$ cat my_file.pdb   # PDB, C-alpha atoms, pLDDT in the B column
ATOM      1  CA  MET I 232      44.611   5.253   0.512  1.00 71.00           C
ATOM      2  CA  MET I 233      44.383   2.106  -1.635  1.00 82.00           C
ATOM      3  CA  GLY I 234      47.062  -0.547  -1.432  1.00 88.00           C
ATOM      4  CA  PRO I 235      48.915  -1.621  -4.613  1.00 89.00           C
ATOM      5  CA  GLU I 236      46.674  -4.614  -5.387  1.00 89.00           C
ATOM      6  CA  GLN I 237      43.478  -2.718  -4.703  1.00 91.00           C
ATOM      7  CA  ARG I 238      44.706   0.097  -6.936  1.00 93.00           C
ATOM      8  CA  ARG I 239      45.560  -2.338  -9.729  1.00 92.00           C
ATOM      9  CA  ARG I 240      42.143  -3.986  -9.507  1.00 90.00           C
ATOM     10  CA  LYS I 241      40.645  -0.517  -9.808  1.00 92.00           C
ATOM     11  CA  ILE I 242      42.786   0.197 -12.878  1.00 93.00           C
ATOM     12  CA  VAL I 243      41.538  -2.979 -14.565  1.00 90.00           C
ATOM     13  CA  GLU I 244      37.973  -1.911 -13.814  1.00 88.00           C
ATOM     14  CA  LEU I 245      38.510   1.612 -15.147  1.00 91.00           C
ATOM     15  CA  VAL I 246      40.195   0.405 -18.322  1.00 89.00           C
ATOM     16  CA  LYS I 247      37.453  -2.140 -18.970  1.00 85.00           C
ATOM     17  CA  ASN I 248      34.598   0.296 -18.356  1.00 84.00           C
ATOM     18  CA  ALA I 249      36.134   2.977 -20.588  1.00 84.00           C
ATOM     19  CA  ASP I 250      37.278   0.470 -23.244  1.00 78.00           C
ATOM     20  CA  GLY I 251      40.767   1.914 -22.903  1.00 84.00           C
ATOM     21  CA  LEU I 252      42.391   4.764 -21.000  1.00 89.00           C
ATOM     22  CA  SER I 253      45.551   6.850 -21.137  1.00 91.00           C
ATOM     23  CA  VAL I 254      48.127   6.910 -18.360  1.00 92.00           C
ATOM     24  CA  SER I 255      47.259  10.511 -17.533  1.00 93.00           C
ATOM     25  CA  LYS I 256      43.533   9.752 -17.241  1.00 93.00           C
ATOM     26  CA  ILE I 257      44.176   6.854 -14.867  1.00 95.00           C
ATOM     27  CA  ALA I 258      46.581   8.932 -12.783  1.00 94.00           C
ATOM     28  CA  THR I 259      44.006  11.714 -12.455  1.00 94.00           C
ATOM     29  CA  GLU I 260      41.206   9.288 -11.593  1.00 93.00           C
ATOM     30  CA  LEU I 261      43.220   7.572  -8.847  1.00 95.00           C
ATOM     31  CA  ASP I 262      45.172  10.646  -7.716  1.00 93.00           C
ATOM     32  CA  VAL I 263      48.544   8.956  -8.138  1.00 95.00           C
ATOM     33  CA  SER I 264      51.612   9.738 -10.225  1.00 95.00           C
ATOM     34  CA  GLU I 265      51.913   8.699 -13.853  1.00 94.00           C
ATOM     35  CA  THR I 266      55.069   6.786 -12.905  1.00 94.00           C
ATOM     36  CA  THR I 267      53.018   4.677 -10.490  1.00 95.00           C
ATOM     37  CA  VAL I 268      50.388   4.063 -13.163  1.00 95.00           C
ATOM     38  CA  ARG I 269      52.980   2.980 -15.723  1.00 92.00           C
ATOM     39  CA  ARG I 270      54.475   0.552 -13.215  1.00 93.00           C
ATOM     40  CA  ASP I 271      51.024  -0.844 -12.428  1.00 93.00           C
ATOM     41  CA  LEU I 272      50.144  -1.186 -16.111  1.00 92.00           C
ATOM     42  CA  ASP I 273      53.373  -3.069 -16.798  1.00 88.00           C
ATOM     43  CA  ASP I 274      52.553  -5.460 -13.951  1.00 89.00           C
ATOM     44  CA  LEU I 275      48.956  -5.951 -15.131  1.00 89.00           C
ATOM     45  CA  ASP I 276      50.110  -6.505 -18.694  1.00 83.00           C
ATOM     46  CA  ASP I 277      52.584  -9.171 -17.528  1.00 81.00           C
ATOM     47  CA  ARG I 278      49.684 -10.925 -15.795  1.00 82.00           C
ATOM     48  CA  ASP I 279      47.441 -10.617 -18.886  1.00 79.00           C
ATOM     49  CA  LEU I 280      44.888  -8.526 -16.990  1.00 85.00           C
ATOM     50  CA  ILE I 281      45.089  -5.599 -19.434  1.00 87.00           C
ATOM     51  CA  GLU I 282      46.920  -4.935 -22.678  1.00 82.00           C
ATOM     52  CA  ARG I 283      49.556  -2.213 -22.546  1.00 84.00           C
ATOM     53  CA  THR I 284      49.416   0.283 -25.403  1.00 80.00           C
ATOM     54  CA  HIS I 285      51.493   3.319 -26.316  1.00 76.00           C
ATOM     55  CA  GLY I 286      50.437   5.830 -23.677  1.00 83.00           C
ATOM     56  CA  GLY I 287      47.874   3.720 -21.846  1.00 86.00           C
ATOM     57  CA  ALA I 288      46.000   0.409 -21.824  1.00 87.00           C
ATOM     58  CA  ILE I 289      43.032  -1.379 -23.376  1.00 84.00           C
ATOM     59  CA  PRO I 290      40.916  -4.261 -22.001  1.00 81.00           C
ATOM     60  CA  VAL I 291      42.325  -7.766 -21.970  1.00 69.00           C
ATOM     61  CA  THR I 292      39.509  -8.972 -24.237  1.00 57.00           C
ATOM     62  CA  THR I 293      41.511  -7.805 -27.233  1.00 48.00           C
ATOM     63  CA  VAL I 294      44.764  -9.496 -26.161  1.00 46.00           C
ATOM     64  CA  GLY I 295      46.035 -12.065 -28.652  1.00 51.00           C
ATOM     65  CA  SER I 296      43.808 -10.935 -31.512  1.00 61.00           C
ATOM     66  CA  GLU I 297      43.599  -7.920 -33.759  1.00 68.00           C
ATOM     67  CA  PRO I 298      40.649  -5.664 -32.907  1.00 68.00           C
ATOM     68  CA  SER I 299      38.362  -4.742 -35.772  1.00 70.00           C
ATOM     69  CA  PHE I 300      38.314  -1.271 -37.300  1.00 75.00           C
ATOM     70  CA  ASP I 301      34.980  -0.562 -35.609  1.00 74.00           C
ATOM     71  CA  GLU I 302      36.334  -1.640 -32.203  1.00 71.00           C
ATOM     72  CA  ARG I 303      39.407   0.562 -32.539  1.00 72.00           C
ATOM     73  CA  ALA I 304      37.396   3.481 -33.886  1.00 75.00           C
ATOM     74  CA  VAL I 305      35.761   4.041 -30.495  1.00 73.00           C
ATOM     75  CA  GLN I 306      38.867   3.500 -28.389  1.00 76.00           C
ATOM     76  CA  GLY I 307      40.409   6.800 -27.317  1.00 81.00           C
ATOM     77  CA  ILE I 308      38.198   8.670 -29.758  1.00 87.00           C
ATOM     78  CA  GLU I 309      38.656  12.073 -28.103  1.00 88.00           C
ATOM     79  CA  THR I 310      42.443  11.758 -28.259  1.00 90.00           C
ATOM     80  CA  LYS I 311      42.247  10.707 -31.903  1.00 92.00           C
ATOM     81  CA  ARG I 312      40.131  13.745 -32.712  1.00 93.00           C
ATOM     82  CA  VAL I 313      42.693  16.044 -31.095  1.00 94.00           C
ATOM     83  CA  ILE I 314      45.471  14.359 -33.090  1.00 94.00           C
ATOM     84  CA  GLY I 315      43.389  14.679 -36.257  1.00 94.00           C
ATOM     85  CA  THR I 316      42.853  18.405 -35.778  1.00 95.00           C
ATOM     86  CA  LYS I 317      46.520  19.049 -35.032  1.00 95.00           C
ATOM     87  CA  ALA I 318      47.919  16.834 -37.794  1.00 95.00           C
ATOM     88  CA  ALA I 319      45.659  18.344 -40.453  1.00 95.00           C
ATOM     89  CA  THR I 320      47.309  21.733 -39.932  1.00 95.00           C
ATOM     90  CA  GLU I 321      50.487  20.246 -41.475  1.00 94.00           C
ATOM     91  CA  ILE I 322      48.787  19.964 -44.872  1.00 95.00           C
ATOM     92  CA  LYS I 323      49.772  22.812 -47.204  1.00 94.00           C
ATOM     93  CA  GLU I 324      48.558  23.997 -50.584  1.00 93.00           C
ATOM     94  CA  GLY I 325      49.808  22.007 -53.559  1.00 93.00           C
ATOM     95  CA  GLN I 326      50.959  18.988 -51.585  1.00 94.00           C
ATOM     96  CA  VAL I 327      50.353  15.331 -52.341  1.00 95.00           C
ATOM     97  CA  VAL I 328      49.265  13.767 -49.069  1.00 95.00           C
ATOM     98  CA  PHE I 329      48.924  10.064 -48.271  1.00 96.00           C
ATOM     99  CA  PHE I 330      46.399   8.887 -45.702  1.00 97.00           C
ATOM    100  CA  ASP I 331      47.198   5.364 -44.543  1.00 95.00           C
ATOM    101  CA  SER I 332      44.387   3.141 -43.278  1.00 94.00           C
ATOM    102  CA  GLY I 333      43.645   3.450 -39.566  1.00 91.00           C
ATOM    103  CA  THR I 334      41.249   5.004 -37.100  1.00 91.00           C
ATOM    104  CA  THR I 335      43.524   7.915 -36.170  1.00 93.00           C
ATOM    105  CA  THR I 336      44.382   8.708 -39.782  1.00 95.00           C
ATOM    106  CA  PHE I 337      40.645   8.651 -40.486  1.00 95.00           C
ATOM    107  CA  GLN I 338      40.251  11.544 -38.045  1.00 95.00           C
ATOM    108  CA  ILE I 339      43.000  13.424 -39.917  1.00 96.00           C
ATOM    109  CA  ALA I 340      41.114  12.868 -43.173  1.00 96.00           C
ATOM    110  CA  LYS I 341      37.974  14.281 -41.554  1.00 95.00           C
ATOM    111  CA  GLU I 342      39.859  17.437 -40.521  1.00 95.00           C
ATOM    112  CA  ALA I 343      41.780  17.913 -43.776  1.00 95.00           C
ATOM    113  CA  PRO I 344      41.238  21.177 -45.721  1.00 93.00           C
ATOM    114  CA  LYS I 345      38.104  21.055 -47.855  1.00 91.00           C
ATOM    115  CA  ASP I 346      39.102  23.711 -50.385  1.00 90.00           C
ATOM    116  CA  GLY I 347      40.775  21.395 -52.889  1.00 87.00           C
ATOM    117  CA  SER I 348      44.205  22.817 -52.139  1.00 91.00           C
ATOM    118  CA  PHE I 349      45.959  19.417 -52.010  1.00 94.00           C
ATOM    119  CA  MET I 350      45.735  15.960 -53.573  1.00 95.00           C
ATOM    120  CA  GLY I 351      44.698  13.150 -51.251  1.00 96.00           C
ATOM    121  CA  VAL I 352      45.897   9.583 -51.786  1.00 97.00           C
ATOM    122  CA  THR I 353      44.884   6.626 -49.648  1.00 97.00           C
ATOM    123  CA  ASN I 354      44.829   2.843 -49.386  1.00 96.00           C
ATOM    124  CA  SER I 355      41.541   2.981 -47.469  1.00 95.00           C
ATOM    125  CA  PRO I 356      38.110   2.962 -49.145  1.00 95.00           C
ATOM    126  CA  LEU I 357      36.647   4.578 -46.003  1.00 94.00           C
ATOM    127  CA  HIS I 358      39.207   7.376 -46.098  1.00 96.00           C
ATOM    128  CA  SER I 359      38.579   7.956 -49.810  1.00 96.00           C
ATOM    129  CA  ILE I 360      34.869   8.486 -49.152  1.00 95.00           C
ATOM    130  CA  GLU I 361      35.681  10.993 -46.407  1.00 94.00           C
ATOM    131  CA  LEU I 362      38.262  12.825 -48.530  1.00 95.00           C
ATOM    132  CA  ASN I 363      35.839  12.947 -51.454  1.00 93.00           C
ATOM    133  CA  LYS I 364      33.506  15.171 -49.406  1.00 90.00           C
ATOM    134  CA  ARG I 365      35.785  18.101 -50.181  1.00 85.00           C
ATOM    135  CA  GLU I 366      36.936  19.677 -53.455  1.00 81.00           C
ATOM    136  CA  GLY I 367      40.059  18.358 -55.146  1.00 83.00           C
ATOM    137  CA  ASN I 368      41.389  15.042 -56.420  1.00 90.00           C
ATOM    138  CA  VAL I 369      41.390  11.792 -54.467  1.00 95.00           C
ATOM    139  CA  GLU I 370      43.253   8.694 -55.599  1.00 95.00           C
ATOM    140  CA  VAL I 371      43.115   5.151 -54.202  1.00 97.00           C
ATOM    141  CA  THR I 372      46.002   2.697 -54.433  1.00 96.00           C
ATOM    142  CA  GLY I 373      44.021  -0.419 -55.245  1.00 93.00           C
ATOM    143  CA  GLY I 374      44.951  -3.775 -53.766  1.00 92.00           C
ATOM    144  CA  SER I 375      43.458  -6.499 -51.567  1.00 90.00           C
ATOM    145  CA  LEU I 376      41.178  -5.377 -48.728  1.00 89.00           C
ATOM    146  CA  ARG I 377      42.010  -6.409 -45.156  1.00 86.00           C
ATOM    147  CA  THR I 378      38.712  -6.209 -43.300  1.00 82.00           C
ATOM    148  CA  LYS I 379      40.379  -5.889 -39.879  1.00 80.00           C
ATOM    149  CA  SER I 380      42.069  -2.624 -40.851  1.00 84.00           C
ATOM    150  CA  MET I 381      39.817  -1.700 -43.793  1.00 89.00           C
ATOM    151  CA  GLY I 382      43.026  -1.049 -45.702  1.00 91.00           C
ATOM    152  CA  LEU I 383      44.206  -2.137 -49.150  1.00 93.00           C
ATOM    153  CA  VAL I 384      47.467  -4.097 -49.181  1.00 89.00           C
ATOM    154  CA  GLY I 385      49.434  -6.383 -51.500  1.00 88.00           C
ATOM    155  CA  SER I 386      51.501  -5.931 -54.639  1.00 89.00           C
ATOM    156  CA  THR I 387      49.067  -3.561 -56.365  1.00 93.00           C
ATOM    157  CA  ALA I 388      49.062  -1.161 -53.419  1.00 93.00           C
ATOM    158  CA  GLU I 389      52.837  -1.389 -53.000  1.00 93.00           C
ATOM    159  CA  ASP I 390      53.496  -0.831 -56.708  1.00 93.00           C
ATOM    160  CA  TYR I 391      51.339   2.312 -56.605  1.00 94.00           C
ATOM    161  CA  VAL I 392      53.196   3.680 -53.573  1.00 94.00           C
ATOM    162  CA  ARG I 393      56.600   2.690 -54.962  1.00 93.00           C
ATOM    163  CA  SER I 394      55.958   4.626 -58.167  1.00 93.00           C
ATOM    164  CA  SER I 395      54.782   7.736 -56.304  1.00 92.00           C
ATOM    165  CA  ASN I 396      56.228  10.428 -54.077  1.00 91.00           C
ATOM    166  CA  PHE I 397      54.333  12.114 -51.263  1.00 95.00           C
ATOM    167  CA  ASP I 398      54.951  15.401 -49.497  1.00 94.00           C
ATOM    168  CA  ILE I 399      53.346  14.094 -46.311  1.00 94.00           C
ATOM    169  CA  ALA I 400      52.277  10.607 -45.275  1.00 94.00           C
ATOM    170  CA  PHE I 401      50.065  10.030 -42.249  1.00 95.00           C
ATOM    171  CA  ILE I 402      50.846   6.451 -41.267  1.00 92.00           C
ATOM    172  CA  GLY I 403      48.683   4.220 -39.076  1.00 88.00           C
ATOM    173  CA  THR I 404      50.326   1.972 -36.497  1.00 83.00           C
ATOM    174  CA  MET I 405      49.331  -0.263 -33.606  1.00 75.00           C
ATOM    175  CA  GLY I 406      52.213   1.010 -31.475  1.00 71.00           C
ATOM    176  CA  ILE I 407      55.557   2.824 -31.359  1.00 70.00           C
ATOM    177  CA  ASP I 408      58.374   1.701 -29.101  1.00 61.00           C
ATOM    178  CA  GLU I 409      61.041   3.821 -27.420  1.00 64.00           C
ATOM    179  CA  GLN I 410      63.309   3.527 -30.486  1.00 67.00           C
ATOM    180  CA  GLY I 411      60.570   4.870 -32.751  1.00 67.00           C
ATOM    181  CA  ILE I 412      59.833   1.516 -34.392  1.00 71.00           C
ATOM    182  CA  PHE I 413      56.305   1.151 -35.717  1.00 69.00           C
ATOM    183  CA  THR I 414      54.483  -2.119 -35.036  1.00 71.00           C
ATOM    184  CA  VAL I 415      51.509  -3.683 -36.834  1.00 72.00           C
ATOM    185  CA  HIS I 416      49.782  -7.063 -36.728  1.00 69.00           C
ATOM    186  CA  VAL I 417      50.560  -8.507 -40.166  1.00 72.00           C
ATOM    187  CA  GLU I 418      53.459  -8.451 -42.613  1.00 77.00           C
ATOM    188  CA  PRO I 419      51.487  -7.230 -45.683  1.00 81.00           C
ATOM    189  CA  GLU I 420      50.675  -4.001 -43.851  1.00 85.00           C
ATOM    190  CA  ALA I 421      54.227  -3.702 -42.518  1.00 84.00           C
ATOM    191  CA  SER I 422      55.600  -4.080 -46.042  1.00 86.00           C
ATOM    192  CA  LEU I 423      53.307  -1.379 -47.426  1.00 89.00           C
ATOM    193  CA  LYS I 424      54.201   1.026 -44.632  1.00 90.00           C
ATOM    194  CA  ARG I 425      57.946   0.512 -45.211  1.00 88.00           C
ATOM    195  CA  THR I 426      57.459   1.423 -48.857  1.00 90.00           C
ATOM    196  CA  LEU I 427      55.308   4.392 -47.902  1.00 91.00           C
ATOM    197  CA  ILE I 428      57.929   5.749 -45.496  1.00 89.00           C
ATOM    198  CA  ALA I 429      60.644   5.369 -48.123  1.00 88.00           C
ATOM    199  CA  ASN I 430      58.614   7.328 -50.690  1.00 87.00           C
ATOM    200  CA  SER I 431      57.545  10.206 -48.454  1.00 89.00           C
ATOM    201  CA  ALA I 432      59.350  13.511 -48.165  1.00 80.00           C
ATOM    202  CA  ASN I 433      58.630  13.591 -44.442  1.00 57.00           C
ATOM    203  CA  ASP I 434      60.605  10.370 -43.869  1.00 44.00           C
ATOM    204  CA  SER I 435      60.951  10.678 -40.100  1.00 41.00           C
ATOM    205  CA  ARG I 436      63.734   8.102 -39.923  1.00 37.00           C
ATOM    206  CA  ARG I 437      61.403   5.789 -38.050  1.00 38.00           C
ATOM    207  CA  ARG I 438      61.687   2.061 -38.678  1.00 37.00           C
ATOM    208  CA  LEU I 439      58.880  -0.420 -38.992  1.00 38.00           C
ATOM    209  CA  GLY I 440      59.042  -3.575 -36.861  1.00 37.00           C
TER     210      GLY I 440
END
$ encode --input "my_file.pdb" --output "structure tokens"
Amino acid sequence: MMGPEQRRRKIVELVKNADGLSVSKIATELDVSETTVRRDLDDLDDRDLIERTHGGAIPVTTVGSEPSFDERAVQGIETKRVIGTKAATEIKEGQVVFFDSGTTTFQIAKEAPKDGSFMGVTNSPLHSIELNKREGNVEVTGGSLRTKSMGLVGSTAEDYVRSSNFDIAFIGTMGIDEQGIFTVHVEPEASLKRTLIANSANDSRRRLG
């Protein structure tokens, strides 16, 4: 059986090689409890050997900087696909649905119904292209493009969202803490998401930090 330090070195190696892993995957790989893995990840994060994420960890190479859309798109891709498939089942006929920029919300857009039964709205040019592959209307907020997130932000985007109401909003986030507070890297995106939450019928009472 590996000692604590040997196990933690192995975790760093696994996380780096996989470009990010969930707690459950690490626990299965090392045959230890998820509680042990969480404790190890917290220790490794404190020592800047990995970066703790909601539900797992990513390599330390991304610590201190915002990963690009392309980098995030391949991290945890299988999990994101599962989320996309599940979340898309929430979309019902006649609804106005907002797809926020983000790699997980992109997977939801890919799985959304293709029969034109709902209106899709997004602040992401990439999402709009994906949504346009199906029948039905697609609208884009407009605004200034952030290349890191490939999302449109700023006053134009916020004004569009503020003047609209959405039945469902799928919101991208870099993390969620135990109090349900969303976190993102920059204030322009945080501001847009606050407005989006306020103007969505499925306001989940989550706060953006």
$ residues_around --input "my_file.pdb" --residues "Phe349 in chain I" --least-positions-apart "3" --cutoff "9 Å" --atoms "all atoms listed in the file" --output "ChimeraX atom specification"
/I:322-328,344,346,367-368
$ resolve_selection --input "my_file.pdb" --expression "the PyMOL selection byres ((chain I and resi 305-308) around 10)" --output "PyMOL selection string"
chain I and resi 249-253+287+289+300-304+309-314+334-335+338
$ atom_distance --input "my_file.pdb" --atom1 "CA of Thr378 in chain I" --atom2 "CA of Ala432 in chain I"
29.0 Å
$ residues_around --input "my_file.pdb" --residues "Glu418 in chain I" --least-positions-apart "4" --cutoff "12 Å" --atoms "only C-alpha atoms" --output "PyMOL selection string"
chain I and resi 377+384-385+414+422-425+439-440
$ resolve_selection --input "my_file.pdb" --expression "the PyMOL selection byres ((chain I and resi 270) around 12)" --output "PyMOL selection string"
chain I and resi 235+238-239+242+254+258+263-269+271-277+283+287
$ build_atoms --input "my_file.pdb" --residues "range 328-358 of chain I" --atoms "N, CA and C atoms" --output "mmCIF file, keeping the file's coordinate frame"
data_model
loop_
_atom_site.group_PDB
_atom_site.id
_atom_site.type_symbol
_atom_site.label_atom_id
_atom_site.label_comp_id
_atom_site.auth_asym_id
_atom_site.auth_seq_id
_atom_site.Cartn_x
_atom_site.Cartn_y
_atom_site.Cartn_z
ATOM 1 N N VAL I 328 49.320 14.264 -50.443
ATOM 2 C CA VAL I 328 49.265 13.767 -49.069
ATOM 3 C C VAL I 328 48.676 12.364 -49.028
ATOM 4 N N PHE I 329 49.402 11.445 -48.387
ATOM 5 C CA PHE I 329 48.924 10.064 -48.271
ATOM 6 C C PHE I 329 48.292 9.847 -46.906
ATOM 7 N N PHE I 330 47.108 9.237 -46.927
ATOM 8 C CA PHE I 330 46.399 8.887 -45.702
ATOM 9 C C PHE I 330 46.347 7.362 -45.613
ATOM 10 N N ASP I 331 47.171 6.809 -44.746
ATOM 11 C CA ASP I 331 47.198 5.364 -44.543
ATOM 12 C C ASP I 331 45.912 4.920 -43.846
ATOM 13 N N SER I 332 45.561 3.654 -43.975
ATOM 14 C CA SER I 332 44.387 3.141 -43.278
ATOM 15 C C SER I 332 44.616 3.219 -41.768
ATOM 16 N N GLY I 333 43.539 3.368 -41.016
ATOM 17 C CA GLY I 333 43.645 3.450 -39.566
ATOM 18 C C GLY I 333 42.605 4.390 -38.996
ATOM 19 N N THR I 334 42.295 4.199 -37.728
ATOM 20 C CA THR I 334 41.249 5.004 -37.100
ATOM 21 C C THR I 334 41.725 6.406 -36.746
ATOM 22 N N THR I 335 43.004 6.569 -36.445
ATOM 23 C CA THR I 335 43.524 7.915 -36.170
ATOM 24 C C THR I 335 43.699 8.693 -37.469
ATOM 25 N N THR I 336 44.228 8.029 -38.498
ATOM 26 C CA THR I 336 44.382 8.708 -39.782
ATOM 27 C C THR I 336 43.023 9.069 -40.380
ATOM 28 N N PHE I 337 41.996 8.310 -40.036
ATOM 29 C CA PHE I 337 40.645 8.651 -40.486
ATOM 30 C C PHE I 337 40.211 10.002 -39.914
ATOM 31 N N GLN I 338 40.577 10.257 -38.660
ATOM 32 C CA GLN I 338 40.251 11.544 -38.045
ATOM 33 C C GLN I 338 41.012 12.682 -38.730
ATOM 34 N N ILE I 339 42.240 12.403 -39.179
ATOM 35 C CA ILE I 339 43.000 13.424 -39.917
ATOM 36 C C ILE I 339 42.299 13.726 -41.235
ATOM 37 N N ALA I 340 41.837 12.672 -41.915
ATOM 38 C CA ALA I 340 41.114 12.868 -43.173
ATOM 39 C C ALA I 340 39.864 13.711 -42.959
ATOM 40 N N LYS I 341 39.184 13.512 -41.847
ATOM 41 C CA LYS I 341 37.974 14.281 -41.554
ATOM 42 C C LYS I 341 38.286 15.765 -41.357
ATOM 43 N N GLU I 342 39.489 16.050 -40.826
ATOM 44 C CA GLU I 342 39.859 17.437 -40.521
ATOM 45 C C GLU I 342 40.662 18.097 -41.637
ATOM 46 N N ALA I 343 40.960 17.364 -42.689
ATOM 47 C CA ALA I 343 41.780 17.913 -43.776
ATOM 48 C C ALA I 343 41.077 19.080 -44.464
ATOM 49 N N PRO I 344 41.838 20.032 -45.030
ATOM 50 C CA PRO I 344 41.238 21.177 -45.721
ATOM 51 C C PRO I 344 40.247 20.727 -46.795
ATOM 52 N N LYS I 345 39.162 21.433 -46.924
ATOM 53 C CA LYS I 345 38.104 21.055 -47.855
ATOM 54 C C LYS I 345 38.032 21.973 -49.077
ATOM 55 N N ASP I 346 39.112 22.739 -49.296
ATOM 56 C CA ASP I 346 39.102 23.711 -50.385
ATOM 57 C C ASP I 346 39.781 23.213 -51.650
ATOM 58 N N GLY I 347 40.143 21.935 -51.695
ATOM 59 C CA GLY I 347 40.775 21.395 -52.889
ATOM 60 C C GLY I 347 42.204 21.830 -53.083
ATOM 61 N N SER I 348 42.852 22.271 -52.028
ATOM 62 C CA SER I 348 44.205 22.817 -52.139
ATOM 63 C C SER I 348 45.289 21.748 -52.182
ATOM 64 N N PHE I 349 44.959 20.485 -51.976
ATOM 65 C CA PHE I 349 45.959 19.417 -52.010
ATOM 66 C C PHE I 349 45.347 18.178 -52.657
ATOM 67 N N MET I 350 46.215 17.240 -53.046
ATOM 68 C CA MET I 350 45.735 15.960 -53.573
ATOM 69 C C MET I 350 45.816 14.913 -52.469
ATOM 70 N N GLY I 351 44.718 14.210 -52.241
ATOM 71 C CA GLY I 351 44.698 13.150 -51.251
ATOM 72 C C GLY I 351 44.845 11.786 -51.900
ATOM 73 N N VAL I 352 45.705 10.954 -51.315
ATOM 74 C CA VAL I 352 45.897 9.583 -51.786
ATOM 75 C C VAL I 352 45.740 8.662 -50.585
ATOM 76 N N THR I 353 45.099 7.515 -50.778
ATOM 77 C CA THR I 353 44.884 6.626 -49.648
ATOM 78 C C THR I 353 44.791 5.171 -50.089
ATOM 79 N N ASN I 354 45.045 4.273 -49.166
ATOM 80 C CA ASN I 354 44.829 2.843 -49.386
ATOM 81 C C ASN I 354 43.597 2.368 -48.615
ATOM 82 N N SER I 355 42.737 3.303 -48.230
ATOM 83 C CA SER I 355 41.541 2.981 -47.469
ATOM 84 C C SER I 355 40.284 3.452 -48.194
ATOM 85 N N PRO I 356 39.377 2.544 -48.540
ATOM 86 C CA PRO I 356 38.110 2.962 -49.145
ATOM 87 C C PRO I 356 37.326 3.928 -48.254
ATOM 88 N N LEU I 357 37.356 3.691 -46.929
ATOM 89 C CA LEU I 357 36.647 4.578 -46.003
ATOM 90 C C LEU I 357 37.232 5.981 -46.037
ATOM 91 N N HIS I 358 38.552 6.072 -46.053
ATOM 92 C CA HIS I 358 39.207 7.376 -46.098
ATOM 93 C C HIS I 358 38.893 8.099 -47.409
#
